[in-house]
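Undergrad: One structure, as structure tokens, below. Some questions next.
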Amino acid sequence: MEARSIDYVPLAERHGKVWHLFPVWFAGDAHLATVATGAIGVGLGGNLVWTAIAVVLGCALGTFFMAFHSTQGPQLGLPQMVQSRPQFGFIGALLVWLVALTTYIGYNAFNQILVGSTLDHLADVPTGASYVGYAVIAIVLAVVGYDIIHKASRWLTYVVLVALALFTVCVIVVHPFTHAQLDLGSFALTPFLIQLFTAAVYQLSWSIYVSDYSRYLPPSVGVRSSFWWTYLGAGVGGAWMMLVGTVAAGLFPGKSLVESVISAGDRALGGFGVALLVITVLPLLTMGALNVYG
């Protein structure tokens, strides 16, 4: 089980490779909650192409600031919330802690609802059982700690990468979009801005615990490499998965999130919808573990 809590990680205990940050943040972002975030612009009346542009720009902006916090982990060997004390003071940091706690609880509650609705849709599993099962898995992963979270994230990243690549290629080949969905002349400012800043804030919300998963790395990994591996993992995983939500909402605007993901997967490749949904749900387990661990 995890031996360190909020204390400094001595140099003798530092281990891991800097590229391991990529799968942690790719898997942390590539899940059904991120899909829901990418559907907001279309739901507010924006067309598909401008919502997609807003998603990419928002992720690029929000992830930039989040990744800089990741570089502090190897240098300081401390979790993110402890690092906030020099910036906000011993008492002032309590405000940051309350914001972080609210974020942890809020994201886990949202993720539990998504898992519950998915299992209810696929297998008629009672939502209460889904909520408890999700919480137990997240707690077990968090108690075992840092190393198991990294390993689970790497395996999930391999699976999700294959699924996203297959979905993307099939969507491009099938090309099920109408002219109106891809019309650059149909620009609506309000949906565009809301989608852009929602994507940016979604990515930026990782900043409260991003260095929790880089603090065991040796300081020799350097600031530049830890920044880029974090930025690429979170940026690519977040934007790619949000675009799945954008496409699903654009093709099936009248359906629920779960139904639209299944329908989009089936439209891209016959029978692929359920597999795509399950694969987007699996990383929610590591997401829950990240929150509980933090």
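In the structure tokens, chains take the letters A, B, ... in the order shown, each chain's residues start at 1, and ligands count up from 1 in the order shown.
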Would you pick out the contacts of stretch 124-141 of chain A at 9 Å or less, using only C-alpha atoms, so that residues sharing its chain but fewer than 5 positions from it are not included, and give the list as a PyMOL selection string?
TA: chain A and resi 108-109+111-113+115-119+146+148-149+284-293
Undergrad: Name the residues of stretch 122-236 of chain A that fall into helix (DSSP H, G or I) according to DSSP on the backbone, using the chain letters and numbers of this document, as an mmCIF file with C-alpha atoms, in the first residue's frame.
TA:
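Now in states.cif:
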```cif
data_model
loop_
_atom_site.group_PDB
_atom_site.id
_atom_site.type_symbol
_atom_site.label_atom_id
_atom_site.label_comp_id
_atom_site.auth_asym_id
_atom_site.auth_seq_id
_atom_site.Cartn_x
_atom_site.Cartn_y
_atom_site.Cartn_z
ATOM 1 C CA LEU A 122 -26.573 -2.115 -21.036
ATOM 2 C CA ALA A 123 -27.404 -4.712 -18.386
ATOM 3 C CA THR A 127 -27.856 2.266 -10.119
ATOM 4 C CA GLY A 128 -27.264 1.941 -6.374
ATOM 5 C CA ALA A 129 -25.148 -1.160 -6.919
ATOM 6 C CA SER A 130 -23.195 0.633 -9.658
ATOM 7 C CA TYR A 131 -22.496 3.600 -7.381
ATOM 8 C CA VAL A 132 -21.187 1.387 -4.573
ATOM 9 C CA GLY A 133 -19.120 -0.786 -6.918
ATOM 10 C CA TYR A 134 -17.547 2.266 -8.549
ATOM 11 C CA ALA A 135 -16.659 3.763 -5.161
ATOM 12 C CA VAL A 136 -15.134 0.522 -3.861
ATOM 13 C CA ILE A 137 -12.890 0.102 -6.922
ATOM 14 C CA ALA A 138 -11.781 3.744 -6.747
ATOM 15 C CA ILE A 139 -10.961 3.466 -3.028
ATOM 16 C CA VAL A 140 -9.001 0.213 -3.454
ATOM 17 C CA LEU A 141 -6.921 1.701 -6.289
ATOM 18 C CA ALA A 142 -6.277 4.851 -4.237
ATOM 19 C CA VAL A 143 -5.246 2.919 -1.117
ATOM 20 C CA VAL A 144 -2.784 0.791 -3.082
ATOM 21 C CA TYR A 146 0.600 5.805 -6.939
ATOM 22 C CA ASP A 147 2.183 2.838 -8.735
ATOM 23 C CA ILE A 148 -1.027 0.884 -9.392
ATOM 24 C CA ILE A 149 -2.732 4.034 -10.689
ATOM 25 C CA HIS A 150 0.135 4.567 -13.127
ATOM 26 C CA LYS A 151 0.038 0.933 -14.296
ATOM 27 C CA ALA A 152 -3.745 0.864 -14.702
ATOM 28 C CA SER A 153 -3.583 4.113 -16.676
ATOM 29 C CA ARG A 154 -1.011 2.675 -19.079
ATOM 30 C CA TRP A 155 -3.140 -0.397 -19.888
ATOM 31 C CA LEU A 156 -6.282 1.686 -20.300
ATOM 32 C CA THR A 157 -4.445 4.094 -22.594
ATOM 33 C CA TYR A 158 -3.508 1.281 -24.987
ATOM 34 C CA VAL A 159 -7.131 0.104 -25.174
ATOM 35 C CA VAL A 160 -8.633 3.579 -25.545
ATOM 36 C CA LEU A 161 -6.094 4.640 -28.196
ATOM 37 C CA VAL A 162 -7.037 1.680 -30.398
ATOM 38 C CA ALA A 163 -10.764 2.356 -29.964
ATOM 39 C CA LEU A 164 -10.461 6.088 -30.680
ATOM 40 C CA ALA A 165 -8.272 5.513 -33.730
ATOM 41 C CA LEU A 166 -10.743 2.956 -35.125
ATOM 42 C CA PHE A 167 -13.718 5.244 -34.478
ATOM 43 C CA THR A 168 -11.974 8.253 -36.043
ATOM 44 C CA VAL A 169 -10.903 6.422 -39.201
ATOM 45 C CA CYS A 170 -14.363 4.910 -39.678
ATOM 46 C CA VAL A 171 -16.094 8.278 -39.182
ATOM 47 C CA ILE A 172 -13.812 9.877 -41.782
ATOM 48 C CA VAL A 173 -14.480 7.063 -44.253
ATOM 49 C CA VAL A 174 -18.250 6.986 -43.697
ATOM 50 C CA ALA A 180 -24.896 22.499 -42.287
ATOM 51 C CA GLN A 181 -22.829 20.667 -39.668
ATOM 52 C CA LEU A 182 -19.599 21.520 -41.483
ATOM 53 C CA LEU A 189 -20.749 33.248 -30.832
ATOM 54 C CA THR A 190 -22.442 32.187 -27.582
ATOM 55 C CA PRO A 191 -22.246 28.377 -28.072
ATOM 56 C CA PHE A 192 -18.681 28.753 -29.351
ATOM 57 C CA LEU A 193 -17.480 30.733 -26.331
ATOM 58 C CA ILE A 194 -19.285 28.512 -23.815
ATOM 59 C CA GLN A 195 -17.796 25.386 -25.377
ATOM 60 C CA LEU A 196 -14.317 26.936 -25.550
ATOM 61 C CA PHE A 197 -14.217 28.045 -21.922
ATOM 62 C CA THR A 198 -15.926 24.902 -20.632
ATOM 63 C CA ALA A 199 -13.243 22.794 -22.319
ATOM 64 C CA ALA A 200 -10.506 25.077 -20.954
ATOM 65 C CA VAL A 201 -11.835 25.024 -17.378
ATOM 66 C CA TYR A 202 -12.381 21.270 -17.558
ATOM 67 C CA GLN A 203 -8.697 20.805 -18.371
ATOM 68 C CA LEU A 204 -7.590 23.453 -15.897
ATOM 69 C CA SER A 205 -9.452 21.683 -13.072
ATOM 70 C CA TRP A 206 -6.692 19.046 -13.079
ATOM 71 C CA SER A 207 -4.349 21.690 -11.658
ATOM 72 C CA ILE A 208 -5.410 20.991 -8.073
ATOM 73 C CA VAL A 210 -1.660 17.195 -11.205
ATOM 74 C CA SER A 211 1.707 16.966 -9.396
ATOM 75 C CA ASP A 212 0.372 14.206 -7.114
ATOM 76 C CA TYR A 213 1.286 11.888 -10.012
ATOM 77 C CA PRO A 219 14.133 15.835 -10.384
ATOM 78 C CA SER A 220 16.576 14.943 -13.172
ATOM 79 C CA VAL A 221 13.647 14.412 -15.577
ATOM 80 C CA VAL A 223 10.848 20.761 -16.367
ATOM 81 C CA ARG A 224 10.492 20.657 -20.153
ATOM 82 C CA SER A 225 9.967 16.897 -20.463
ATOM 83 C CA SER A 226 7.502 16.670 -17.564
ATOM 84 C CA PHE A 227 5.557 19.598 -19.050
ATOM 85 C CA TRP A 228 5.291 18.120 -22.539
ATOM 86 C CA TRP A 229 4.406 14.567 -21.511
ATOM 87 C CA THR A 230 1.652 15.941 -19.274
ATOM 88 C CA TYR A 231 0.462 18.428 -21.891
ATOM 89 C CA LEU A 232 0.319 15.861 -24.673
ATOM 90 C CA GLY A 233 -1.405 13.234 -22.522
ATOM 91 C CA ALA A 234 -4.117 15.524 -21.169
ATOM 92 C CA GLY A 235 -4.422 17.649 -24.309
ATOM 93 C CA VAL A 236 -4.703 14.791 -26.795
#
```
Undergrad: Kindly indicate which residue among A:Pro23, A:Gly106, A:Pro74, A:Gly28 lies nearest to A:Thr280, using only C-alpha atoms for the distances.
TA: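 Going through A:Pro23, A:Gly106, A:Pro74, A:Gly28 one by one, the smallest distance to A:Thr280 is for A:Gly28.
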